[in-house]
file coords-v5.cif (mmCIF, N, CA and C atoms and all ligand atoms)
data_upload
loop_
_atom_site.label_atom_id
_atom_site.label_comp_id
_atom_site.auth_asym_id
_atom_site.auth_seq_id
_atom_site.Cartn_x
_atom_site.Cartn_y
_atom_site.Cartn_z
N MET Y 466 -13.40 24.34 5.16
CA MET Y 466 -12.89 23.01 4.81
C MET Y 466 -11.56 22.76 5.51
N SER Y 467 -11.33 21.53 5.82
CA SER Y 467 -10.09 21.22 6.51
C SER Y 467 -8.92 21.19 5.53
N GLU Y 468 -7.75 21.41 6.04
CA GLU Y 468 -6.56 21.42 5.20
C GLU Y 468 -6.04 20.02 4.99
N CYS Y 469 -5.32 19.85 3.91
CA CYS Y 469 -4.72 18.55 3.64
C CYS Y 469 -3.49 18.34 4.52
N ILE Y 470 -3.25 17.08 4.79
CA ILE Y 470 -2.02 16.74 5.47
C ILE Y 470 -0.92 16.78 4.41
N HIS Y 471 0.20 17.42 4.74
CA HIS Y 471 1.19 17.71 3.70
C HIS Y 471 1.81 16.49 3.04
N SER Y 472 1.87 15.39 3.75
CA SER Y 472 2.51 14.20 3.17
C SER Y 472 1.62 13.51 2.13
N ILE Y 473 0.35 13.89 2.08
CA ILE Y 473 -0.56 13.26 1.13
C ILE Y 473 -0.48 13.96 -0.23
N PRO Y 474 -0.33 13.19 -1.29
CA PRO Y 474 -0.29 13.81 -2.62
C PRO Y 474 -1.55 14.63 -2.87
N GLN Y 475 -1.40 15.77 -3.48
CA GLN Y 475 -2.53 16.65 -3.77
C GLN Y 475 -3.67 15.93 -4.48
N SER Y 476 -3.30 15.06 -5.40
CA SER Y 476 -4.32 14.42 -6.23
C SER Y 476 -5.28 13.54 -5.42
N SER Y 477 -4.87 13.09 -4.24
CA SER Y 477 -5.76 12.24 -3.47
C SER Y 477 -6.28 12.93 -2.23
N CYS Y 478 -6.05 14.22 -2.14
CA CYS Y 478 -6.51 14.96 -0.98
C CYS Y 478 -8.01 15.27 -1.09
N VAL Y 479 -8.73 14.99 -0.04
CA VAL Y 479 -10.17 15.20 -0.05
C VAL Y 479 -10.54 16.63 -0.43
N THR Y 480 -9.88 17.57 0.21
CA THR Y 480 -10.17 18.97 -0.04
C THR Y 480 -9.92 19.33 -1.51
N TYR Y 481 -8.84 18.78 -2.03
CA TYR Y 481 -8.48 19.07 -3.41
C TYR Y 481 -9.54 18.54 -4.38
N LEU Y 482 -9.99 17.32 -4.13
CA LEU Y 482 -10.98 16.70 -5.02
C LEU Y 482 -12.26 17.52 -5.10
N PHE Y 483 -12.60 18.15 -4.00
CA PHE Y 483 -13.85 18.88 -3.96
C PHE Y 483 -13.69 20.36 -4.30
N LYS Y 484 -12.47 20.80 -4.31
CA LYS Y 484 -12.19 22.23 -4.38
C LYS Y 484 -12.90 22.94 -5.52
N TYR Y 485 -12.84 22.37 -6.70
CA TYR Y 485 -13.40 23.06 -7.85
C TYR Y 485 -14.81 22.62 -8.17
N LYS Y 486 -15.33 21.67 -7.41
CA LYS Y 486 -16.63 21.11 -7.74
C LYS Y 486 -17.75 21.62 -6.84
N ILE Y 487 -17.46 21.78 -5.58
CA ILE Y 487 -18.49 22.24 -4.67
C ILE Y 487 -18.75 23.72 -4.91
N LYS Y 488 -20.01 24.06 -5.03
CA LYS Y 488 -20.34 25.46 -5.29
C LYS Y 488 -20.26 26.28 -4.01
N ASP Y 489 -20.32 27.58 -4.17
CA ASP Y 489 -20.13 28.46 -3.02
C ASP Y 489 -21.35 28.53 -2.10
N SER Y 490 -22.51 28.22 -2.65
CA SER Y 490 -23.72 28.28 -1.85
C SER Y 490 -23.57 27.44 -0.59
N PRO Y 491 -23.89 28.04 0.55
CA PRO Y 491 -23.66 27.31 1.80
C PRO Y 491 -24.65 26.17 2.03
N THR Y 492 -25.82 26.25 1.41
CA THR Y 492 -26.82 25.22 1.66
C THR Y 492 -26.87 24.22 0.51
N CYS Y 493 -26.89 22.95 0.86
CA CYS Y 493 -26.95 21.89 -0.15
C CYS Y 493 -28.37 21.79 -0.71
N SER Y 494 -28.48 21.29 -1.94
CA SER Y 494 -29.79 21.14 -2.57
C SER Y 494 -30.73 20.20 -1.81
N CYS Y 495 -30.18 19.32 -1.00
CA CYS Y 495 -31.03 18.42 -0.21
C CYS Y 495 -31.66 19.14 0.96
N LYS Y 496 -31.21 20.36 1.23
CA LYS Y 496 -31.73 21.21 2.30
C LYS Y 496 -31.49 20.65 3.70
N ARG Y 497 -30.60 19.70 3.80
CA ARG Y 497 -30.35 19.11 5.11
C ARG Y 497 -29.10 19.66 5.76
N GLY Y 498 -28.40 20.52 5.06
CA GLY Y 498 -27.22 21.07 5.70
C GLY Y 498 -26.36 21.84 4.73
N GLU Y 499 -25.24 22.31 5.26
CA GLU Y 499 -24.30 23.03 4.43
C GLU Y 499 -23.60 22.06 3.49
N GLN Y 500 -23.30 22.55 2.28
CA GLN Y 500 -22.65 21.67 1.32
C GLN Y 500 -21.14 21.66 1.54
N THR Y 501 -20.75 20.97 2.57
CA THR Y 501 -19.33 20.84 2.88
C THR Y 501 -18.85 19.47 2.42
N THR Y 502 -17.54 19.27 2.44
CA THR Y 502 -16.98 17.98 2.09
C THR Y 502 -17.58 16.89 2.98
N ASP Y 503 -17.64 17.14 4.26
CA ASP Y 503 -18.19 16.16 5.20
C ASP Y 503 -19.63 15.81 4.88
N HIS Y 504 -20.40 16.83 4.57
CA HIS Y 504 -21.81 16.61 4.26
C HIS Y 504 -21.96 15.69 3.05
N ILE Y 505 -21.22 15.96 2.00
CA ILE Y 505 -21.32 15.16 0.78
C ILE Y 505 -20.88 13.72 1.03
N ILE Y 506 -19.80 13.57 1.74
CA ILE Y 506 -19.27 12.21 1.95
C ILE Y 506 -20.11 11.41 2.93
N PHE Y 507 -20.59 12.05 3.99
CA PHE Y 507 -21.23 11.28 5.05
C PHE Y 507 -22.74 11.47 5.21
N ASP Y 508 -23.29 12.58 4.78
CA ASP Y 508 -24.68 12.88 5.11
C ASP Y 508 -25.65 13.02 3.94
N CYS Y 509 -25.18 13.57 2.85
CA CYS Y 509 -26.11 14.02 1.83
C CYS Y 509 -26.93 12.87 1.24
N GLU Y 510 -28.25 13.03 1.26
CA GLU Y 510 -29.11 11.96 0.76
C GLU Y 510 -29.17 11.92 -0.77
N LEU Y 511 -28.69 12.97 -1.41
CA LEU Y 511 -28.70 13.00 -2.88
C LEU Y 511 -27.64 12.09 -3.48
N VAL Y 512 -26.69 11.69 -2.70
CA VAL Y 512 -25.60 10.87 -3.23
C VAL Y 512 -25.51 9.51 -2.52
N GLU Y 513 -26.65 9.06 -2.00
CA GLU Y 513 -26.66 7.81 -1.23
C GLU Y 513 -26.13 6.61 -2.02
N LYS Y 514 -26.57 6.52 -3.27
CA LYS Y 514 -26.17 5.39 -4.10
C LYS Y 514 -24.66 5.38 -4.30
N GLU Y 515 -24.12 6.56 -4.60
CA GLU Y 515 -22.69 6.69 -4.82
C GLU Y 515 -21.93 6.39 -3.52
N ARG Y 516 -22.48 6.89 -2.41
CA ARG Y 516 -21.82 6.69 -1.13
C ARG Y 516 -21.77 5.22 -0.74
N ASP Y 517 -22.82 4.47 -1.08
CA ASP Y 517 -22.84 3.05 -0.76
C ASP Y 517 -21.63 2.32 -1.31
N ARG Y 518 -21.22 2.70 -2.50
CA ARG Y 518 -20.05 2.05 -3.10
C ARG Y 518 -18.77 2.40 -2.34
N LEU Y 519 -18.67 3.68 -1.98
CA LEU Y 519 -17.50 4.13 -1.23
C LEU Y 519 -17.47 3.44 0.14
N LYS Y 520 -18.65 3.35 0.74
CA LYS Y 520 -18.77 2.73 2.06
C LYS Y 520 -18.39 1.26 2.00
N ALA Y 521 -18.85 0.57 0.99
CA ALA Y 521 -18.52 -0.85 0.83
C ALA Y 521 -17.02 -1.05 0.72
N ALA Y 522 -16.38 -0.15 -0.02
CA ALA Y 522 -14.93 -0.25 -0.17
C ALA Y 522 -14.24 0.01 1.17
N ALA Y 523 -14.74 0.99 1.90
CA ALA Y 523 -14.14 1.33 3.19
C ALA Y 523 -14.31 0.20 4.19
N LEU Y 524 -15.46 -0.44 4.16
CA LEU Y 524 -15.76 -1.46 5.15
C LEU Y 524 -14.93 -2.73 4.98
N ARG Y 525 -14.25 -2.87 3.85
CA ARG Y 525 -13.37 -4.02 3.68
C ARG Y 525 -12.21 -3.97 4.66
N SER Y 526 -11.79 -2.76 5.02
CA SER Y 526 -10.65 -2.68 5.93
C SER Y 526 -10.86 -1.73 7.10
N GLU Y 527 -11.95 -0.98 7.08
CA GLU Y 527 -12.15 0.05 8.10
C GLU Y 527 -13.59 0.00 8.62
N ASN Y 528 -13.85 0.85 9.60
CA ASN Y 528 -15.22 1.06 10.03
C ASN Y 528 -15.78 2.26 9.30
N TRP Y 529 -17.07 2.38 9.30
CA TRP Y 529 -17.72 3.56 8.74
C TRP Y 529 -18.41 4.32 9.85
N PRO Y 530 -18.31 5.65 9.92
CA PRO Y 530 -17.57 6.52 9.00
C PRO Y 530 -16.06 6.44 9.20
N VAL Y 531 -15.34 6.57 8.12
CA VAL Y 531 -13.89 6.55 8.19
C VAL Y 531 -13.37 7.97 8.42
N SER Y 532 -12.13 8.07 8.82
CA SER Y 532 -11.53 9.39 9.01
C SER Y 532 -11.12 9.97 7.66
N LYS Y 533 -10.94 11.27 7.64
CA LYS Y 533 -10.48 11.95 6.43
C LYS Y 533 -9.13 11.40 6.01
N HIS Y 534 -8.33 11.04 7.02
CA HIS Y 534 -7.01 10.52 6.71
C HIS Y 534 -7.12 9.21 5.93
N THR Y 535 -8.00 8.35 6.37
CA THR Y 535 -8.20 7.08 5.67
C THR Y 535 -8.71 7.32 4.26
N LEU Y 536 -9.64 8.25 4.13
CA LEU Y 536 -10.16 8.58 2.79
C LEU Y 536 -9.04 9.02 1.87
N SER Y 537 -8.10 9.76 2.42
CA SER Y 537 -7.03 10.32 1.60
C SER Y 537 -5.88 9.35 1.38
N THR Y 538 -5.89 8.25 2.09
CA THR Y 538 -4.78 7.30 1.95
C THR Y 538 -5.29 5.93 1.52
N ASN Y 539 -5.80 5.16 2.48
CA ASN Y 539 -6.20 3.77 2.21
C ASN Y 539 -7.22 3.61 1.09
N ILE Y 540 -8.21 4.47 1.05
CA ILE Y 540 -9.24 4.30 0.03
C ILE Y 540 -9.32 5.52 -0.90
N ALA Y 541 -8.19 6.13 -1.12
CA ALA Y 541 -8.14 7.31 -1.97
C ALA Y 541 -8.67 7.02 -3.38
N LYS Y 542 -8.35 5.83 -3.87
CA LYS Y 542 -8.82 5.49 -5.22
C LYS Y 542 -10.33 5.42 -5.28
N ASN Y 543 -10.94 4.86 -4.22
CA ASN Y 543 -12.39 4.76 -4.17
C ASN Y 543 -13.03 6.13 -3.97
N LEU Y 544 -12.36 6.97 -3.21
CA LEU Y 544 -12.87 8.32 -3.02
C LEU Y 544 -12.88 9.07 -4.35
N LYS Y 545 -11.84 8.86 -5.12
CA LYS Y 545 -11.75 9.50 -6.43
C LYS Y 545 -12.91 9.03 -7.32
N LYS Y 546 -13.18 7.72 -7.30
CA LYS Y 546 -14.30 7.20 -8.08
C LYS Y 546 -15.62 7.80 -7.61
N PHE Y 547 -15.74 7.91 -6.28
CA PHE Y 547 -16.94 8.49 -5.68
C PHE Y 547 -17.15 9.92 -6.18
N THR Y 548 -16.13 10.73 -6.08
CA THR Y 548 -16.27 12.13 -6.50
C THR Y 548 -16.50 12.22 -8.01
N ASP Y 549 -15.84 11.34 -8.77
CA ASP Y 549 -16.04 11.36 -10.22
C ASP Y 549 -17.47 10.96 -10.60
N SER Y 550 -18.10 10.14 -9.75
CA SER Y 550 -19.44 9.65 -10.09
C SER Y 550 -20.55 10.62 -9.68
N LEU Y 551 -20.20 11.64 -8.93
CA LEU Y 551 -21.22 12.59 -8.48
C LEU Y 551 -21.56 13.58 -9.60
N SER Y 552 -22.83 13.89 -9.69
CA SER Y 552 -23.19 14.96 -10.63
C SER Y 552 -23.35 16.23 -9.84
N PHE Y 553 -22.28 16.99 -9.81
CA PHE Y 553 -22.27 18.18 -8.98
C PHE Y 553 -23.26 19.25 -9.43
N ASP Y 554 -23.71 19.17 -10.67
CA ASP Y 554 -24.69 20.17 -11.11
C ASP Y 554 -26.06 19.92 -10.48
N LYS Y 555 -26.27 18.72 -9.95
CA LYS Y 555 -27.53 18.44 -9.28
C LYS Y 555 -27.48 18.80 -7.81
N LEU Y 556 -26.29 19.00 -7.29
CA LEU Y 556 -26.15 19.24 -5.85
C LEU Y 556 -26.31 20.71 -5.50
ZN ZN Y 601 -26.94 17.42 0.70
#

call {"tool": "encode", "arguments": {"input": "coords-v5.cif", "output": "structure tokens", "more": "lines below"}}
Ligand SMILES: [Zn+2]
result
Amino acid sequence: MSECIHSIPQSSCVTYLFKYKIKDSPTCSCKRGEQTTDHIIFDCELVEKERDRLKAAALRSENWPVSKHTLSTNIAKNLKKFTDSLSFDKL
């Protein structure tokens, strides 16, 4: 996982949000890849519905896919909602 940029508050850091939720298993339940932060945010088909909301929020001011930096700053609140809405026990 990538490291947080130091100027970003821990609470809105992508890595931090996922730190305690993503399991250690390298393969995601969707079997399409490793269960990394990037996979969950951009690729995983199990969270498509949740991602659509995050994407809609991002597209108001950015292009999709957005950078990690944008996720951690401009749309940090939406990212938090996104991660809160995921059922990690299904992933
Ligand atoms: Zn997946």

call {"tool": "residues_near_ligand", "arguments": {"input": "coords-v5.cif", "ligand": "ligand ZN 601 (chain Y)", "cutoff": "9 Å", "atoms": "only C-alpha atoms and all ligand atoms", "output": "PyMOL selection string"}}
result
chain Y and resi 492-501+504-505+508-512+556

call {"tool": "atom_distance", "arguments": {"input": "coords-v5.cif", "atom1": "atom CA of Arg518 of chain Y", "atom2": "atom CA of Val531 of chain Y"}}
result
13.6 Å

call {"tool": "atom_distance", "arguments": {"input": "coords-v5.cif", "atom1": "atom CA of Asn539 of chain Y", "atom2": "atom CA of Lys514 of chain Y"}}
result
21.0 Å

call {"tool": "atom_distance", "arguments": {"input": "coords-v5.cif", "atom1": "atom C of Ser552 of chain Y", "atom2": "atom C of Arg525 of chain Y"}}
result
27.2 Å

call {"tool": "closest_residue", "arguments": {"input": "coords-v5.cif", "among": "Y:Lys533, Y:Phe507, Y:Arg516, Y:Leu524", "to": "Phe547 of chain Y", "atoms": "all atoms listed in the file"}}
result
Y:Arg516

call {"tool": "residues_near_point", "arguments": {"input": "coords-v5.cif", "point": "(-12.8, 1.3, -0.2)", "cutoff": "8 Å", "atoms": "only N, CA and C atoms", "output": "list in words"}}
result
Arg518, Leu519, Lys520, Ala521, Ala522, Ala523, Leu524, Arg525, Ser526, Glu527, Asn539, Ile540, Ala541, Lys542, Asn543 and Leu544 of chain Y

call {"tool": "closest_residue", "arguments": {"input": "coords-v5.cif", "among": "Y:Asp554, Y:Ser532, Y:Thr502, Y:Thr548", "to": "Glu515 of chain Y", "atoms": "only N, CA and C atoms"}}
result
Y:Thr548

call {"tool": "decode", "arguments": {"input": "coords-v5.cif", "residues": "segment 480-552 of chain Y", "atoms": "C-alpha atoms", "output": "CSV table (one decimal), in the first residue's frame"}}
result
chain,number,residue,atom,x,y,z
Y,480,THR,CA,-4.3,4.0,3.5
Y,481,TYR,CA,-5.5,4.8,7.0
Y,482,LEU,CA,-9.2,4.2,6.1
Y,483,PHE,CA,-8.5,0.8,4.8
Y,484,LYS,CA,-5.8,-0.2,7.2
Y,485,TYR,CA,-7.9,-2.1,9.7
Y,486,LYS,CA,-10.6,-3.2,7.2
Y,487,ILE,CA,-8.8,-4.9,4.4
Y,488,LYS,CA,-8.0,-8.5,5.3
Y,489,ASP,CA,-4.6,-10.0,4.8
Y,490,SER,CA,-5.6,-12.4,2.0
Y,491,PRO,CA,-4.0,-11.2,-1.2
Y,492,THR,CA,-6.9,-12.2,-3.4
Y,493,CYS,CA,-10.2,-10.4,-3.4
Y,494,SER,CA,-13.5,-12.4,-3.1
Y,495,CYS,CA,-14.3,-11.2,-6.7
Y,496,LYS,CA,-11.3,-13.2,-7.9
Y,497,ARG,CA,-10.3,-10.4,-10.2
Y,498,GLY,CA,-7.3,-9.3,-8.4
Y,499,GLU,CA,-5.4,-8.6,-5.2
Y,500,GLN,CA,-7.5,-6.9,-2.5
Y,501,THR,CA,-5.5,-3.6,-2.5
Y,502,THR,CA,-6.8,-0.1,-1.8
Y,503,ASP,CA,-6.6,0.6,-5.6
Y,504,HIS,CA,-8.6,-2.6,-6.4
Y,505,ILE,CA,-11.4,-1.7,-4.0
Y,506,ILE,CA,-11.7,1.9,-5.1
Y,507,PHE,CA,-11.3,1.5,-8.8
Y,508,ASP,CA,-11.8,-2.1,-9.9
Y,509,CYS,CA,-13.7,-4.4,-7.6
Y,510,GLU,CA,-17.1,-5.4,-9.0
Y,511,LEU,CA,-18.4,-6.3,-5.6
Y,512,VAL,CA,-18.6,-2.6,-4.6
Y,513,GLU,CA,-19.8,-1.2,-7.9
Y,514,LYS,CA,-22.9,0.4,-6.4
Y,515,GLU,CA,-20.9,2.1,-3.6
Y,516,ARG,CA,-18.3,3.2,-6.1
Y,517,ASP,CA,-20.9,4.9,-8.3
Y,518,ARG,CA,-21.7,7.3,-5.5
Y,519,LEU,CA,-18.0,8.1,-4.9
Y,520,LYS,CA,-17.5,8.5,-8.7
Y,521,ALA,CA,-20.5,10.8,-9.0
Y,522,ALA,CA,-19.0,13.0,-6.2
Y,523,ALA,CA,-15.6,13.0,-7.9
Y,524,LEU,CA,-16.9,13.9,-11.3
Y,525,ARG,CA,-18.4,17.1,-10.0
Y,526,SER,CA,-14.9,18.6,-9.9
Y,527,GLU,CA,-12.5,16.0,-11.3
Y,528,ASN,CA,-12.1,13.3,-13.9
Y,529,TRP,CA,-12.4,9.6,-13.1
Y,530,PRO,CA,-10.3,7.8,-12.0
Y,531,VAL,CA,-9.1,10.4,-9.6
Y,532,SER,CA,-5.6,10.5,-8.0
Y,533,LYS,CA,-5.1,9.2,-4.5
Y,534,HIS,CA,-4.2,12.8,-3.6
Y,535,THR,CA,-7.6,14.0,-4.7
Y,536,LEU,CA,-9.3,11.2,-2.8
Y,537,SER,CA,-7.5,12.2,0.4
Y,538,THR,CA,-8.2,15.9,0.0
Y,539,ASN,CA,-11.0,17.2,-2.3
Y,540,ILE,CA,-13.4,14.3,-1.9
Y,541,ALA,CA,-12.1,12.9,1.4
Y,542,LYS,CA,-15.6,13.1,2.9
Y,543,ASN,CA,-17.1,11.1,0.1
Y,544,LEU,CA,-14.3,8.6,0.3
Y,545,LYS,CA,-15.1,8.2,4.0
Y,546,LYS,CA,-18.7,7.6,3.2
Y,547,PHE,CA,-17.6,5.1,0.5
Y,548,THR,CA,-15.5,3.1,2.9
Y,549,ASP,CA,-18.1,3.3,5.6
Y,550,SER,CA,-20.7,1.9,3.2
Y,551,LEU,CA,-18.7,-1.2,2.3
Y,552,SER,CA,-19.3,-4.5,3.9
